[in-house]
Amino acid sequence: MLKVFQGWVQRYFSDEEAVVLAVVLALGFAIIITFGGKLAPLLTGVVLAYLLQGLVTRLQRWHLPHWMAVWLVFLVFLGALAALLGVVLPLVWRQMLNLFNEAPRMIGEWQAQLMHLPELYPSIVSETQIERLIASVNGEVGEFGQWILSQSLSSLPFIVTMLVYLVLVPILVFFFLKDSLQLTEWLVRHLPRERRLMNLVWLEMNEQIGNYIRGKATEILIVGAVTYICFAILGVNYAALLAVLVGLSVLVPYIGATVATIPVALIGLFQWGLSNEFMVLMVVYGVIQMLDGNVLVPILFSEAVNLHPVAIIAAVLIFGGLWGFWGVFFAIPLATLFKAVLYAWPRGLEAASDSAAHSDTVVVVDP
């Protein structure tokens, strides 16, 4: 057993760079898990800057100076943020308040429908079972109402936090775009001079993470917009609120679409019952999910590394449990990072050593 362990250590940690990479990864995850909440504005700025960096690069290819490209993209970002805060969020907020006001009536109608089940199916359900079910649901609804009340009473810290985000995040985005080259060079200066393994992992991950973040943001916008348009045409109540939920559900592969189906189906049932309109709603929603999974995702994520569904679900559960929302958002990139590290370590290191023996070319990290 000791020889097996010694052989494993010799294979994976005989090179100094491999040890440094392991320490860097361990420190990075420790900092994120420990201070992830406090670093949330910084992480938000990094993600948004990553989204916008592609536009800056494209404008520079059109022979615009760097400062002009940064300012144009930043002004577009501010315009989109203003539209989100001035149009989308108020609409969603109004519909959420309407839903809370209508909830008691909906629950009452649902209970009345349930009380007819013992008459229709006496051999399957009894009146006692229905009463227990209603009591259980009322208890859960009461707890949820108390939670909403407690959240509203503590809304002042939430408002302050949001104001901090609204001030800090745009500033961070601007400086990340403006000084991306300087920040990258500063980071590289603190890494070992010999970093063949790090370069292999970085070059593989840089394109994939950028592709994932931009693709996921585009997917959220497209799915949310298409859902809102379709639901508005069908006359679905709370179309904007449901569209936001369906759009955000794409953050969690496989699980998100299943969870988002529940509010869509419940709203449709309360509005129309088991009628033709409800069937049309569910068919339209199913078509949206099918096109998203079979057309939009392959187009947007064509350059991403394929991961097994089990690996994706495991990554969502593990990183989501450790890091909350950001863990869910970065679950696939982090799983891809682990895959890249396992592939490059030690096979990539050996390949890099062979190539370095035949060439003196130094790999330069492109920010």
# chains A, B, ... in the order shown; residues from 1 in each chain; ligands from 1
>>> select_by_dssp(residues="region 107-313 of chain A", states="helix (DSSP H, G or I)", output="ChimeraX atom specification")
/A:107-115,117-120,127-153,155-178,180-189,196-234,239-249,255-272,276-300,309-313
>>> closest_residue(among="A:Leu322, A:Leu266, A:Leu177, A:Ala22", to="Phe278 (chain A)", atoms="only C-alpha atoms")
A:Leu266
>>> residues_around(residues="Val284 (chain A)", least_positions_apart="5", cutoff="9 Å", atoms="only C-alpha atoms", output="number ranges by chain")
A: 227, 230-231, 279, 289
>>> write_last_selection(atoms="all heavy atoms", output="CSV table (one decimal), in the first residue's frame")
chain,number,residue,atom,x,y,z
A,227,THR,N,-40.1,33.2,-23.9
A,227,THR,CA,-41.1,32.8,-22.9
A,227,THR,C,-42.1,33.9,-22.7
A,227,THR,O,-43.3,33.7,-22.7
A,227,THR,CB,-40.5,32.3,-21.6
A,227,THR,OG1,-39.6,31.2,-21.9
A,227,THR,CG2,-41.6,31.8,-20.7
A,230,CYS,N,-44.4,34.5,-25.8
A,230,CYS,CA,-45.3,33.4,-26.0
A,230,CYS,C,-46.4,33.5,-24.9
A,230,CYS,O,-47.6,33.3,-25.2
A,230,CYS,CB,-44.6,32.0,-26.0
A,230,CYS,SG,-43.5,31.8,-27.4
A,231,PHE,N,-46.0,33.6,-23.7
A,231,PHE,CA,-47.0,33.7,-22.6
A,231,PHE,C,-47.9,34.9,-22.7
A,231,PHE,O,-49.1,34.8,-22.4
A,231,PHE,CB,-46.3,33.7,-21.2
A,231,PHE,CG,-45.7,32.3,-20.8
A,231,PHE,CD1,-45.8,31.3,-21.7
A,231,PHE,CD2,-45.2,32.1,-19.6
A,231,PHE,CE1,-45.2,30.0,-21.4
A,231,PHE,CE2,-44.7,30.9,-19.2
A,231,PHE,CZ,-44.7,29.8,-20.1
A,279,MET,N,-53.7,23.1,-22.0
A,279,MET,CA,-53.0,22.1,-22.8
A,279,MET,C,-52.1,22.9,-23.8
A,279,MET,O,-50.9,22.5,-24.0
A,279,MET,CB,-53.9,21.2,-23.5
A,279,MET,CG,-54.7,20.3,-22.6
A,279,MET,SD,-53.7,19.3,-21.5
A,279,MET,CE,-55.0,18.6,-20.5
A,289,GLN,N,-38.7,24.5,-24.1
A,289,GLN,CA,-37.7,23.7,-23.5
A,289,GLN,C,-37.0,22.8,-24.5
A,289,GLN,O,-35.7,22.6,-24.4
A,289,GLN,CB,-38.3,22.9,-22.3
A,289,GLN,CG,-38.8,23.7,-21.2
A,289,GLN,CD,-37.7,24.5,-20.5
A,289,GLN,OE1,-36.5,24.1,-20.5
A,289,GLN,NE2,-38.0,25.5,-19.7
>>> residues_around(residues="Leu42 (chain A)", least_positions_apart="4", cutoff="9 Å", atoms="only C-alpha atoms", output="JSON, numbers by chain")
{"A": [38, 46, 47, 168, 169, 172, 173]}
>>> residues_around(residues="Phe29 (chain A)", least_positions_apart="4", cutoff="12 Å", atoms="only C-alpha atoms", output="list in words")
Ala22, Val23, Val24, Leu25, Ile33, Thr34, Phe35, Gly36, Phe319, Leu322, Trp323, Gly327 and Leu334 of chain A
>>> closest_residue(among="A:Trp71, A:Trp272, A:Tyr212, A:Phe330", to="Phe174 (chain A)", atoms="only C-alpha atoms")
A:Trp71
>>> closest_atom_pairs(of="region 230-256 of chain A", to="region 94-111 of chain A", cutoff="12 Å", atoms="only C-alpha atoms", output="tab-separated table")
residue	atom	partner	partner_atom	distance
A:Val236	CA	A:Gln95	CA	11.7
A:Asn237	CA	A:Gln95	CA	8.5
A:Tyr238	CA	A:Gln95	CA	5.5
A:Ala239	CA	A:Gln95	CA	8.3
A:Ala240	CA	A:Gln95	CA	7.4
A:Leu241	CA	A:Gln95	CA	6.4
A:Leu242	CA	A:Gln95	CA	9.5
A:Ala243	CA	A:Gln95	CA	11.4
A:Val244	CA	A:Met96	CA	11.2
A:Leu245	CA	A:Met96	CA	11.5
>>> atom_distance(atom1="CA of Pro298 (chain A)", atom2="CA of Gly321 (chain A)")
27.4 Å
>>> closest_residue(among="A:Leu187, A:Val73, A:Leu59, A:Ile288", to="Val226 (chain A)", atoms="only C-alpha atoms")
A:Ile288
>>> closest_residue(among="A:Asn199, A:Ser249, A:Ser180, A:Thr336", to="His66 (chain A)", atoms="only C-alpha atoms")
A:Ser180
>>> closest_residue(among="A:Val164, A:Ala49, A:Gly215, A:Val88", to="Asp179 (chain A)", atoms="only C-alpha atoms")
A:Ala49
>>> closest_residue(among="A:Ile134, A:Leu85, A:Leu251, A:Ile233", to="Phe325 (chain A)", atoms="only C-alpha atoms")
A:Leu251
